[in-house]
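Okay, data-v8.cif is below, mmCIF, C-alpha atoms and all ligand atoms:
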```cif
data_run
#
loop_
_atom_site.label_atom_id
_atom_site.label_comp_id
_atom_site.auth_asym_id
_atom_site.auth_seq_id
_atom_site.Cartn_x
_atom_site.Cartn_y
_atom_site.Cartn_z
CA PHE A 773 -21.08 -17.60 27.99
CA GLY A 774 -22.62 -19.81 25.38
CA GLN A 775 -22.52 -19.39 21.63
CA ASP A 776 -26.07 -18.06 21.79
CA ARG A 777 -25.21 -14.86 23.63
CA LYS A 778 -24.42 -11.85 21.48
CA LEU A 779 -22.99 -8.65 22.92
CA GLY A 780 -25.16 -5.58 22.37
CA ILE A 781 -23.35 -2.78 20.53
CA ALA A 782 -24.44 0.87 20.53
CA LEU A 783 -23.11 2.97 17.64
CA VAL A 784 -22.32 6.60 18.51
CA GLY A 785 -22.57 8.96 15.52
CA LEU A 786 -24.67 7.74 12.62
CA GLY A 787 -22.61 9.08 9.74
CA SER A 788 -21.37 7.45 6.62
CA TYR A 789 -19.22 4.71 8.18
CA ALA A 790 -21.84 3.69 10.77
CA THR A 791 -24.62 3.74 8.16
CA ASN A 792 -22.93 2.08 5.21
CA GLN A 793 -20.45 -0.29 6.82
CA LEU A 794 -20.98 -0.95 10.53
CA ALA A 795 -24.76 -1.34 10.68
CA PRO A 796 -24.87 -3.68 7.64
CA GLY A 797 -21.89 -5.55 9.12
CA LEU A 798 -23.78 -6.03 12.36
CA GLN A 799 -26.47 -7.93 10.43
CA GLN A 800 -23.87 -10.62 9.73
CA THR A 801 -22.13 -10.94 13.08
CA GLN A 802 -22.16 -14.01 15.28
CA TYR A 803 -20.92 -12.56 18.60
CA CYS A 804 -22.55 -9.13 18.61
CA ARG A 805 -25.62 -7.31 17.41
CA LEU A 806 -26.79 -3.75 16.84
CA ALA A 807 -28.63 -3.00 20.10
CA GLY A 808 -28.61 0.79 20.40
CA ILE A 809 -27.78 4.13 18.78
CA VAL A 810 -26.55 7.53 19.90
CA THR A 811 -27.31 10.37 17.49
CA GLY A 812 -27.81 14.11 17.43
CA THR A 813 -30.20 13.84 14.50
CA PRO A 814 -33.79 12.88 15.45
CA ALA A 815 -34.70 11.90 11.87
CA LYS A 816 -31.90 9.33 11.83
CA ALA A 817 -33.12 7.93 15.16
CA GLU A 818 -36.58 7.34 13.66
CA GLN A 819 -35.15 5.71 10.54
CA TRP A 820 -32.78 3.43 12.39
CA MET A 821 -35.39 2.34 14.97
CA GLN A 822 -37.60 1.18 12.12
CA LYS A 823 -34.96 -0.30 9.89
CA TYR A 824 -33.11 -2.21 12.61
CA ASN A 825 -35.91 -2.76 15.07
CA ILE A 826 -34.22 -0.81 17.85
CA PRO A 827 -36.44 -0.12 20.88
CA LYS A 828 -36.88 3.51 21.94
CA GLN A 829 -35.19 2.95 25.30
CA ASN A 830 -31.97 2.07 23.46
CA VAL A 831 -31.84 5.36 21.59
CA TYR A 832 -29.81 8.27 23.01
CA ASP A 833 -28.63 11.70 21.99
CA TYR A 834 -25.34 13.31 23.07
CA LYS A 835 -26.92 14.77 26.21
CA THR A 836 -28.71 11.65 27.40
CA PHE A 837 -25.80 9.38 26.44
CA ASP A 838 -24.50 8.88 30.00
CA ARG A 839 -27.76 7.15 30.95
CA ILE A 840 -26.54 4.23 28.87
CA ALA A 841 -24.88 3.15 32.14
CA ASP A 842 -28.27 1.77 33.24
CA ASN A 843 -28.96 -0.10 30.01
CA ARG A 844 -28.22 -3.81 30.27
CA ASP A 845 -28.85 -4.36 26.53
CA ILE A 846 -25.67 -2.42 25.74
CA ASP A 847 -22.33 -4.10 26.45
CA VAL A 848 -20.12 -2.22 24.00
CA VAL A 849 -20.15 1.40 22.83
CA TYR A 850 -18.67 1.95 19.36
CA VAL A 851 -17.56 5.56 18.82
CA VAL A 852 -17.84 6.57 15.14
CA LEU A 853 -17.69 10.36 15.55
CA PRO A 854 -15.35 12.93 13.97
CA ASN A 855 -11.79 12.50 15.32
CA SER A 856 -11.86 15.42 17.75
CA MET A 857 -14.86 13.89 19.58
CA HIS A 858 -13.39 10.41 20.12
CA ALA A 859 -11.75 11.11 23.46
CA GLU A 860 -14.79 12.60 25.17
CA TYR A 861 -17.15 9.82 24.12
CA VAL A 862 -14.74 6.98 24.85
CA ILE A 863 -14.17 8.35 28.35
CA ARG A 864 -17.91 8.82 28.97
CA ALA A 865 -18.59 5.30 27.68
CA ALA A 866 -15.98 3.84 30.03
CA GLN A 867 -17.42 5.82 32.91
CA ALA A 868 -20.81 4.33 32.03
CA GLY A 869 -19.23 0.90 32.52
CA LYS A 870 -19.13 -0.17 28.87
CA HIS A 871 -16.38 -1.73 26.80
CA VAL A 872 -15.44 0.60 23.96
CA ILE A 873 -14.47 0.32 20.33
CA CYS A 874 -13.21 3.63 18.94
CA GLU A 875 -12.63 4.51 15.31
CA LYS A 876 -9.24 5.48 13.96
CA PRO A 877 -7.38 7.67 14.60
CA LEU A 878 -7.85 6.90 18.31
CA ALA A 879 -7.59 10.66 18.92
CA ILE A 880 -5.61 13.63 17.65
CA MET A 881 -3.01 14.04 20.40
CA PRO A 882 -1.18 11.36 22.42
CA LYS A 883 -2.33 12.89 25.72
CA GLU A 884 -5.99 12.30 24.79
CA CYS A 885 -5.20 8.70 23.86
CA GLN A 886 -3.55 8.16 27.22
CA ASP A 887 -6.57 9.65 29.02
CA MET A 888 -8.85 7.28 27.09
CA ILE A 889 -6.67 4.28 27.94
CA ASP A 890 -6.56 5.33 31.60
CA ALA A 891 -10.33 5.87 31.80
CA CYS A 892 -11.01 2.38 30.43
CA LYS A 893 -8.48 0.85 32.76
CA LYS A 894 -9.97 2.63 35.74
CA ALA A 895 -13.44 1.40 34.81
CA ASN A 896 -12.05 -2.09 34.27
CA ARG A 897 -13.33 -2.04 30.69
CA GLN A 898 -11.45 -2.81 27.48
CA LEU A 899 -10.66 -0.36 24.70
CA ALA A 900 -10.31 -1.53 21.09
CA VAL A 901 -9.50 0.52 17.98
CA GLY A 902 -11.38 0.27 14.68
CA TYR A 903 -8.38 -1.29 12.91
CA ARG A 904 -10.58 -3.58 10.80
CA LEU A 905 -7.62 -4.83 8.74
CA HIS A 906 -6.01 -6.56 11.71
CA TYR A 907 -8.36 -9.52 11.25
CA GLU A 908 -8.63 -9.31 7.47
CA PRO A 909 -7.16 -12.42 5.75
CA PHE A 910 -5.04 -10.72 3.02
CA THR A 911 -3.61 -8.41 5.65
CA ARG A 912 -2.94 -11.33 8.03
CA GLU A 913 -1.10 -13.03 5.20
CA VAL A 914 1.23 -10.09 4.46
CA MET A 915 1.86 -9.72 8.19
CA ARG A 916 2.94 -13.38 8.17
CA LEU A 917 5.05 -13.06 5.00
CA GLY A 918 6.92 -10.11 6.46
CA GLN A 919 7.17 -10.96 10.13
CA GLU A 920 8.09 -14.63 9.52
CA LYS A 921 10.60 -13.59 6.84
CA VAL A 922 9.10 -15.92 4.26
CA PHE A 923 11.04 -14.06 1.52
CA GLY A 924 13.88 -13.23 3.86
CA LYS A 925 14.14 -10.01 5.81
CA VAL A 926 11.99 -7.08 4.65
CA LYS A 927 14.35 -4.33 3.45
CA PHE A 928 12.17 -1.63 1.85
CA VAL A 929 8.47 -0.90 2.21
CA GLU A 930 6.33 1.33 0.02
CA ALA A 931 3.07 2.07 1.84
CA SER A 932 0.70 4.72 0.54
CA ASP A 933 -2.96 5.59 0.92
CA GLY A 934 -4.86 8.50 -0.51
CA PHE A 935 -7.98 9.49 -2.40
CA ARG A 936 -9.49 12.53 -4.09
CA ILE A 937 -11.68 14.26 -1.51
CA GLY A 938 -15.05 15.77 -2.47
CA ASP A 939 -17.21 18.12 -0.40
CA PRO A 940 -15.03 21.10 0.61
CA THR A 941 -17.18 21.80 3.69
CA GLN A 942 -16.74 18.45 5.45
CA TRP A 943 -15.11 18.06 8.88
CA ARG A 944 -12.21 16.09 7.36
CA LEU A 945 -10.88 19.41 6.01
CA LYS A 946 -11.24 21.25 9.33
CA LYS A 947 -8.16 21.08 11.49
CA ALA A 948 -9.99 21.33 14.81
CA MET A 949 -12.22 18.34 14.05
CA ALA A 950 -9.91 16.17 11.97
CA GLY A 951 -6.57 16.99 13.62
CA GLY A 952 -4.96 17.17 10.19
CA GLY A 953 -5.52 16.16 6.61
CA PRO A 954 -5.10 12.85 4.80
CA LEU A 955 -2.44 11.66 7.26
CA MET A 956 -5.01 11.49 10.08
CA ASP A 957 -7.63 9.93 7.84
CA VAL A 958 -5.90 7.40 5.59
CA GLY A 959 -2.16 7.95 5.97
CA ILE A 960 -2.59 6.11 9.26
CA TYR A 961 -3.13 2.92 7.22
CA ALA A 962 0.25 3.40 5.54
CA ILE A 963 1.86 3.80 8.98
CA GLN A 964 0.12 0.64 10.10
CA GLY A 965 1.17 -1.21 6.95
CA ALA A 966 4.86 -0.33 7.32
CA ARG A 967 4.73 -1.43 10.96
CA TYR A 968 2.87 -4.69 10.42
CA VAL A 969 4.82 -6.02 7.47
CA THR A 970 8.16 -5.34 9.17
CA GLY A 971 6.98 -6.19 12.67
CA LEU A 972 9.23 -3.32 13.76
CA GLU A 973 8.80 0.10 15.34
CA PRO A 974 10.43 3.05 13.53
CA VAL A 975 13.36 4.78 15.24
CA SER A 976 13.24 8.04 13.29
CA VAL A 977 11.21 9.86 10.66
CA THR A 978 11.70 12.47 7.94
CA ALA A 979 8.74 14.09 6.14
CA GLN A 980 7.81 16.67 3.50
CA PHE A 981 4.56 18.44 2.71
CA GLY A 982 3.43 18.12 -0.90
CA PRO A 983 2.08 21.03 -2.96
CA LYS A 984 -1.26 22.69 -2.22
CA THR A 985 -3.11 22.86 -5.52
CA ASP A 986 -6.39 24.11 -3.99
CA LEU A 987 -5.69 26.76 -1.38
CA GLN A 988 -9.34 27.20 -0.49
CA LYS A 989 -10.03 23.54 0.16
CA PHE A 990 -6.74 22.93 1.94
CA LYS A 991 -6.70 26.12 3.96
CA GLU A 992 -6.44 24.30 7.27
CA VAL A 993 -4.93 20.88 6.52
CA GLU A 994 -2.27 19.39 4.28
CA GLU A 995 -3.25 18.18 0.81
CA THR A 996 -0.40 15.72 0.38
CA LEU A 997 2.33 14.47 2.67
CA PHE A 998 5.36 12.24 2.15
CA TRP A 999 7.34 10.56 4.90
CA GLN A 1000 10.07 8.03 5.45
CA PHE A 1001 10.48 5.85 8.50
CA GLN A 1002 13.85 4.45 9.46
CA PHE A 1003 13.57 1.14 11.31
CA PRO A 1004 16.25 -0.78 13.22
CA GLY A 1005 18.72 -2.70 11.05
CA GLY A 1006 18.58 -0.33 8.07
CA VAL A 1007 14.99 -1.14 7.10
CA VAL A 1008 13.23 1.84 5.48
CA SER A 1009 9.67 2.67 4.50
CA ASN A 1010 8.49 5.36 2.11
CA SER A 1011 4.92 6.70 2.13
CA THR A 1012 2.55 9.11 0.45
CA THR A 1013 -0.83 10.19 1.70
CA SER A 1014 -3.06 12.57 -0.19
CA TYR A 1015 -6.50 14.08 -0.66
CA ALA A 1016 -5.56 15.02 -4.24
CA ALA A 1017 -5.61 11.64 -5.96
CA GLY A 1018 -5.99 7.95 -5.34
CA VAL A 1019 -3.00 5.90 -4.20
CA GLU A 1020 -3.32 2.61 -2.36
CA ARG A 1021 -0.50 0.16 -2.15
CA LEU A 1022 1.55 -1.82 0.34
CA TYR A 1023 4.71 -3.28 -1.17
CA ALA A 1024 7.59 -4.99 0.60
CA SER A 1025 10.93 -5.76 -1.01
CA CYS A 1026 12.71 -8.56 0.83
CA GLU A 1027 16.12 -10.23 0.61
CA ASN A 1028 14.74 -13.05 -1.58
CA GLY A 1029 11.62 -11.68 -3.25
CA TRP A 1030 8.73 -9.31 -2.72
CA PHE A 1031 5.04 -9.17 -1.88
CA GLU A 1032 2.34 -6.57 -2.24
CA LEU A 1033 -1.29 -5.70 -1.70
CA SER A 1034 -3.11 -3.30 -3.98
CA PRO A 1035 -5.73 -2.35 -3.09
CA ALA A 1036 -4.32 -2.71 0.39
CA PHE A 1037 -6.47 -0.69 2.79
CA GLY A 1038 -10.01 -0.21 1.44
CA TYR A 1039 -13.13 -2.17 2.30
CA GLY A 1040 -12.16 -4.94 -0.07
CA PRO A 1041 -11.83 -7.22 -1.72
CA LEU A 1042 -8.11 -6.64 -1.28
CA LYS A 1043 -5.80 -8.13 -3.84
CA GLY A 1044 -2.23 -9.32 -3.53
CA ARG A 1045 0.65 -11.07 -5.18
CA THR A 1046 4.20 -12.10 -4.38
CA SER A 1047 7.30 -12.78 -6.46
CA LYS A 1048 6.03 -16.37 -6.50
CA GLY A 1049 2.44 -15.73 -7.59
CA PRO A 1050 -0.97 -14.47 -6.47
CA ILE A 1051 -2.03 -14.30 -2.82
CA GLU A 1052 -5.21 -16.34 -2.37
CA GLN A 1053 -7.35 -15.65 0.69
CA PRO A 1054 -11.02 -15.75 1.60
CA ILE A 1055 -12.97 -12.53 1.14
CA VAL A 1056 -14.70 -11.37 4.32
CA HIS A 1057 -16.86 -8.45 5.39
CA HIS A 1058 -14.18 -6.36 7.12
CA GLN A 1059 -16.39 -4.72 9.68
CA ALA A 1060 -18.41 -7.82 10.64
CA ASN A 1061 -15.18 -9.79 10.96
CA HIS A 1062 -13.54 -7.07 13.03
CA MET A 1063 -16.41 -6.66 15.49
CA ASP A 1064 -16.85 -10.43 15.83
CA ASN A 1065 -13.19 -10.98 16.62
CA ILE A 1066 -13.27 -8.31 19.31
CA CYS A 1067 -16.58 -9.41 20.81
CA LYS A 1068 -15.55 -13.05 20.92
CA VAL A 1069 -12.67 -12.07 23.21
CA LEU A 1070 -14.92 -9.88 25.37
CA LEU A 1071 -17.57 -12.61 25.64
CA ASN A 1072 -14.95 -15.06 26.86
CA ASN A 1073 -13.75 -12.54 29.45
CA GLU A 1074 -10.31 -12.61 27.88
CA THR A 1075 -7.92 -9.73 27.32
CA LEU A 1076 -7.79 -8.18 23.84
CA PRO A 1077 -4.50 -8.77 22.01
CA ASP A 1078 -2.22 -5.72 22.14
CA HIS A 1079 -2.39 -5.06 18.38
CA ILE A 1080 -6.06 -4.07 18.55
CA THR A 1081 -6.04 -2.04 21.80
CA GLY A 1082 -5.83 1.62 22.68
CA GLN A 1083 -2.07 1.24 23.11
CA GLU A 1084 -1.77 0.44 19.41
CA GLY A 1085 -3.92 3.48 18.59
CA LEU A 1086 -1.68 5.64 20.77
CA ARG A 1087 1.48 4.43 18.97
CA ASP A 1088 0.12 5.63 15.62
CA VAL A 1089 -1.05 8.98 17.00
CA ARG A 1090 2.46 9.58 18.40
CA LEU A 1091 3.92 8.70 14.99
CA MET A 1092 1.52 11.02 13.15
CA GLN A 1093 2.48 13.93 15.40
CA ALA A 1094 6.17 13.12 14.78
CA ILE A 1095 5.53 13.11 11.02
CA TYR A 1096 3.94 16.57 11.24
CA GLN A 1097 6.86 17.79 13.33
CA ALA A 1098 9.35 16.42 10.80
CA ALA A 1099 7.52 18.07 7.89
CA GLU A 1100 7.19 21.39 9.70
CA THR A 1101 10.81 21.59 10.86
CA GLY A 1102 12.45 19.85 7.91
CA ARG A 1103 14.44 17.88 10.46
CA ARG A 1104 14.78 14.18 11.14
CA ILE A 1105 12.82 13.39 14.29
CA ASP A 1106 14.02 10.63 16.60
CA LEU A 1107 11.21 8.51 17.95
P1 LIG A 1201 -19.36 11.28 8.93
O1 LIG A 1201 -19.13 12.74 8.82
O2 LIG A 1201 -20.03 10.59 7.83
O3 LIG A 1201 -20.21 10.98 10.26
C1 LIG A 1201 -19.91 11.53 11.50
C2 LIG A 1201 -21.18 11.56 12.35
O4 LIG A 1201 -20.84 12.05 13.64
C3 LIG A 1201 -22.26 12.51 11.84
O5 LIG A 1201 -23.10 11.93 10.87
C4 LIG A 1201 -23.03 12.83 13.11
O6 LIG A 1201 -23.93 11.77 13.40
C5 LIG A 1201 -21.95 12.78 14.18
N1 LIG A 1201 -21.52 14.12 14.60
C6 LIG A 1201 -21.73 14.63 15.83
N2 LIG A 1201 -21.26 15.87 15.90
C7 LIG A 1201 -20.76 16.18 14.69
C8 LIG A 1201 -20.16 17.36 14.15
N3 LIG A 1201 -19.95 18.44 14.89
N4 LIG A 1201 -19.78 17.33 12.85
C9 LIG A 1201 -19.96 16.23 12.10
N5 LIG A 1201 -20.53 15.10 12.57
C10 LIG A 1201 -20.93 15.07 13.85
O7 LIG A 1201 -17.96 10.61 9.26
P2 LIG A 1201 -17.52 9.10 9.00
O8 LIG A 1201 -18.60 8.18 9.37
O9 LIG A 1201 -16.94 8.99 7.66
O10 LIG A 1201 -16.29 8.98 10.05
C11 LIG A 1201 -16.50 8.85 11.45
C12 LIG A 1201 -15.25 8.25 12.09
O11 LIG A 1201 -15.03 6.95 11.55
C13 LIG A 1201 -13.97 9.03 11.85
O12 LIG A 1201 -13.17 9.00 12.99
C14 LIG A 1201 -13.30 8.26 10.72
O13 LIG A 1201 -11.88 8.37 10.75
C15 LIG A 1201 -13.74 6.85 11.01
N6 LIG A 1201 -13.81 6.01 9.79
C16 LIG A 1201 -13.19 4.80 9.80
C17 LIG A 1201 -13.22 4.00 8.71
C18 LIG A 1201 -12.57 2.66 8.74
O14 LIG A 1201 -12.47 2.03 7.70
N7 LIG A 1201 -12.17 2.15 9.89
C19 LIG A 1201 -13.88 4.42 7.47
C20 LIG A 1201 -14.57 5.68 7.57
C21 LIG A 1201 -14.50 6.45 8.70
P3 LIG A 1201 -25.39 12.04 14.04
O15 LIG A 1201 -26.13 12.84 13.01
O16 LIG A 1201 -25.90 10.68 14.24
O17 LIG A 1201 -25.19 12.79 15.33
#
```
Exercise: express the given structure as structure tokens:
Amino acid sequence: FGQDRKLGIALVGLGSYATNQLAPGLQQTQYCRLAGIVTGTPAKAEQWMQKYNIPKQNVYDYKTFDRIADNRDIDVVYVVLPNSMHAEYVIRAAQAGKHVICEKPLAIMPKECQDMIDACKKANRQLAVGYRLHYEPFTREVMRLGQEKVFGKVKFVEASDGFRIGDPTQWRLKKAMAGGGPLMDVGIYAIQGARYVTGLEPVSVTAQFGPKTDLQKFKEVEETLFWQFQFPGGVVSNSTTSYAAGVERLYASCENGWFELSPAFGYGPLKGRTSKGPIEQPIVHHQANHMDNICKVLLNNETLPDHITGQEGLRDVRLMQAIYQAAETGRRIDL
């Protein structure tokens, strides 16, 4: 494949993330382009066709979606639906012969993740997760600082992500669609952060639910959750996730210094410093950068690196379920 070929991406679910981040990102990409859409809302289809010059034959709804198998303009299906719908649409996309990018969390339960991984494998297609930070320069730098022990071994990590949620009717507050509260939505970034700065997998977890200050809003899901991972060699991480207030920080205390990002997980620009001074990195469009890095690999017929695949998504889903189990039982859960 030459530099001139761009993979065609179809976005499934034209909500806030697809509209405000992915579609604009796809106007800046070098290795992929917005080629199609899948939506249950006809008015959005009309708008997007006009705005992005998408031909009618590349527009699907959830019923006609499987016909995408016959569409040679579409190489990659990007699933941007509520969490509970990820598994079904990833599996259908694989069965239609497309590579798939799926938003985080990969799914709600580990079994679904495994079914998604298996379906892609069976179809000989690749499955990537929407972990946009994995190619983001500030994040790459803290991965390097931690994993290469630039300040010595990482000993303690503080990794937290939360925000004050608005609309009480949204799917993020419905257990069946979201799978849980802030842990499933943004706490997953704190899990990721603790894992990528240490380069280690946790061996056990303890967790505690925080107070519910709005019983109506948080009828089905947690409002705040705290957890602690124990890693091999006595390394520990401590995390908060919440829908009650903003918190966004990734801090690592090492044998000979420290480093941190704050903000650490949002759309950027991220900002960081170490015990030696500021972290300087180029500022990129997270989503364009993420999709380009994935599509470059796919275009070259190479295998995606493990850290961006379904397996990585599955690891975090297993950890989130263990965190819930630890909080519910009050016991330390071995992983
Ligand atoms: P939205 O609620 O804004 O959009 C979801 C879209 O899914 C809807 O607009 C709708 O699109 C479609 N949909 C189909 N069925 C339903 C249903 N029953 N209820 C609600 N929506 C439905 O969600 P977001 O865009 O914020 O999030 C989508 C996914 O992206 C989530 O998994 C989330 O975790 C992830 N995300 C990732 C981010 C990241 O930084 N990586 C940031 C934000 C979200 P239509 O009308 O076209 O059918």
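The two atoms in question, CA of Ala865 (chain A) and CA of Ile840 (chain A), are spaced 8.1 Å apart.
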Separating CA of Glu875 (chain A) from atom C19 of ligand LIG 1201 (chain A), to the nearest tenth of an Å, is a gap of 7.9 Å
Got a sec to check which residues lie within 7 Å of ligand LIG 1201 (chain A), using only C-alpha atoms and all ligand atoms, and send them as a ChimeraX atom specification? /A:784-790,810-813,816,852-855,875-877,902-904,943,957,1039
Taking 4 positions as the minimum chain separation for residues in the same chain, which residues sit within 12 Å of Glu1084 (chain A) when counting all atoms listed in the file? Answer as a CSV table (one decimal) with C-alpha atoms, in the frame of the given file.
```csv
chain,number,residue,atom,x,y,z
A,874,CYS,CA,-13.2,3.6,18.9
A,876,LYS,CA,-9.2,5.5,14.0
A,877,PRO,CA,-7.4,7.7,14.6
A,878,LEU,CA,-7.8,6.9,18.3
A,879,ALA,CA,-7.6,10.7,18.9
A,882,PRO,CA,-1.2,11.4,22.4
A,885,CYS,CA,-5.2,8.7,23.9
A,886,GLN,CA,-3.6,8.2,27.2
A,889,ILE,CA,-6.7,4.3,27.9
A,899,LEU,CA,-10.7,-0.4,24.7
A,900,ALA,CA,-10.3,-1.5,21.1
A,901,VAL,CA,-9.5,0.5,18.0
A,902,GLY,CA,-11.4,0.3,14.7
A,903,TYR,CA,-8.4,-1.3,12.9
A,906,HIS,CA,-6.0,-6.6,11.7
A,960,ILE,CA,-2.6,6.1,9.3
A,963,ILE,CA,1.9,3.8,9.0
A,964,GLN,CA,0.1,0.6,10.1
A,967,ARG,CA,4.7,-1.4,11.0
A,968,TYR,CA,2.9,-4.7,10.4
A,973,GLU,CA,8.8,0.1,15.3
A,1076,LEU,CA,-7.8,-8.2,23.8
A,1077,PRO,CA,-4.5,-8.8,22.0
A,1078,ASP,CA,-2.2,-5.7,22.1
A,1079,HIS,CA,-2.4,-5.1,18.4
A,1080,ILE,CA,-6.1,-4.1,18.6
A,1088,ASP,CA,0.1,5.6,15.6
A,1089,VAL,CA,-1.0,9.0,17.0
A,1090,ARG,CA,2.5,9.6,18.4
A,1091,LEU,CA,3.9,8.7,15.0
```
What does the structure give for the distance between CA of Glu1074 (chain A) and CA of Gln1059 (chain A), in Å to one decimal? 20.7 Å
Would you kindly return, as a ChimeraX atom specification, each protein, DNA or RNA residue with an atom no farther than 9 Å from any atom of Ile1066 (chain A), considering all atoms listed in the file and excluding same-chain residues fewer than 2 positions away? /A:803,873,900,1061-1064,1068-1071,1076,1080
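Among the candidates A:Tyr832, A:Trp820, A:Tyr1023, A:Phe923, the residue lying nearest to Pro1035 (chain A) is A:Tyr1023 (atoms considered: all atoms listed in the file).
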Nearest to Lys870 (chain A): which of A:Asp887, A:Asp933, A:Glu992, A:Asp838 is it, counting only C-alpha atoms? A:Asp838
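With all atoms listed in the file as the basis for measurement, A:Phe910 is the residue among A:Tyr850, A:Tyr834, A:Phe910, A:Phe990 that approaches Gln1053 (chain A) most closely.
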Within 10 Å of region 928-932 of chain A, counting only C-alpha atoms, which residues show up once you throw out same-chain ones fewer than 6 positions away? Write them as number ranges by chain, please. A: 958-967, 969-970, 998-1003, 1006-1014, 1018-1027, 1030-1034, 1036-1037
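Candidate residues A:Ala841, A:Pro796, A:Gln1097, A:Leu917 were compared for distance to Gly1029 (chain A), and the nearest is A:Leu917, using only C-alpha atoms.
Minimum atom-to-atom distances from A:Gly797, A:Gly982, A:Gly1102, A:Gly808 to Ala782 (chain A) were compared using all atoms listed in the file, and the lowest value belongs to A:Gly808.
Distances to Asp890 (chain A) were evaluated for A:Met857, A:Met915, A:Leu1086, A:Ile863 using only C-alpha atoms, and the minimum falls at A:Ile863.
All residues of protein, DNA or RNA that reach within 8 Å of Val862 (chain A), judged by all atoms listed in the file and not counting those fewer than 6 positions away in the chain, are Val851, Val872, Cys874 and Met888 of chain A.
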Using the atoms already present, construct N, CA and C atoms for region 810-823 of chain A and hand them back as an mmCIF file, in the coordinates of the input.
```
data_model
loop_
_atom_site.group_PDB
_atom_site.id
_atom_site.type_symbol
_atom_site.label_atom_id
_atom_site.label_comp_id
_atom_site.auth_asym_id
_atom_site.auth_seq_id
_atom_site.Cartn_x
_atom_site.Cartn_y
_atom_site.Cartn_z
ATOM 1 N N VAL A 810 -26.701 6.220 19.281
ATOM 2 C CA VAL A 810 -26.550 7.530 19.900
ATOM 3 C C VAL A 810 -26.387 8.514 18.749
ATOM 4 N N THR A 811 -27.314 9.455 18.642
ATOM 5 C CA THR A 811 -27.310 10.370 17.490
ATOM 6 C C THR A 811 -27.829 11.743 17.884
ATOM 7 N N GLY A 812 -27.308 12.758 17.211
ATOM 8 C CA GLY A 812 -27.810 14.110 17.430
ATOM 9 C C GLY A 812 -28.887 14.493 16.426
ATOM 10 N N THR A 813 -29.252 13.553 15.575
ATOM 11 C CA THR A 813 -30.200 13.840 14.500
ATOM 12 C C THR A 813 -31.474 13.005 14.667
ATOM 13 N N PRO A 814 -32.563 13.631 15.161
ATOM 14 C CA PRO A 814 -33.790 12.880 15.450
ATOM 15 C C PRO A 814 -34.318 12.076 14.246
ATOM 16 N N ALA A 815 -34.184 12.618 13.042
ATOM 17 C CA ALA A 815 -34.700 11.900 11.870
ATOM 18 C C ALA A 815 -33.954 10.580 11.665
ATOM 19 N N LYS A 816 -32.658 10.585 11.956
ATOM 20 C CA LYS A 816 -31.900 9.330 11.830
ATOM 21 C C LYS A 816 -32.386 8.337 12.888
ATOM 22 N N ALA A 817 -32.649 8.827 14.088
ATOM 23 C CA ALA A 817 -33.120 7.930 15.160
ATOM 24 C C ALA A 817 -34.375 7.194 14.706
ATOM 25 N N GLU A 818 -35.326 7.938 14.134
ATOM 26 C CA GLU A 818 -36.580 7.340 13.660
ATOM 27 C C GLU A 818 -36.310 6.256 12.612
ATOM 28 N N GLN A 819 -35.483 6.638 11.638
ATOM 29 C CA GLN A 819 -35.150 5.710 10.540
ATOM 30 C C GLN A 819 -34.505 4.425 11.041
ATOM 31 N N TRP A 820 -33.532 4.595 11.905
ATOM 32 C CA TRP A 820 -32.780 3.430 12.390
ATOM 33 C C TRP A 820 -33.643 2.535 13.281
ATOM 34 N N MET A 821 -34.511 3.147 14.102
ATOM 35 C CA MET A 821 -35.390 2.340 14.970
ATOM 36 C C MET A 821 -36.238 1.409 14.119
ATOM 37 N N GLN A 822 -36.759 1.967 13.029
ATOM 38 C CA GLN A 822 -37.600 1.180 12.120
ATOM 39 C C GLN A 822 -36.797 0.126 11.385
ATOM 40 N N LYS A 823 -35.731 0.583 10.761
ATOM 41 C CA LYS A 823 -34.960 -0.300 9.890
ATOM 42 C C LYS A 823 -34.341 -1.468 10.646
#
```
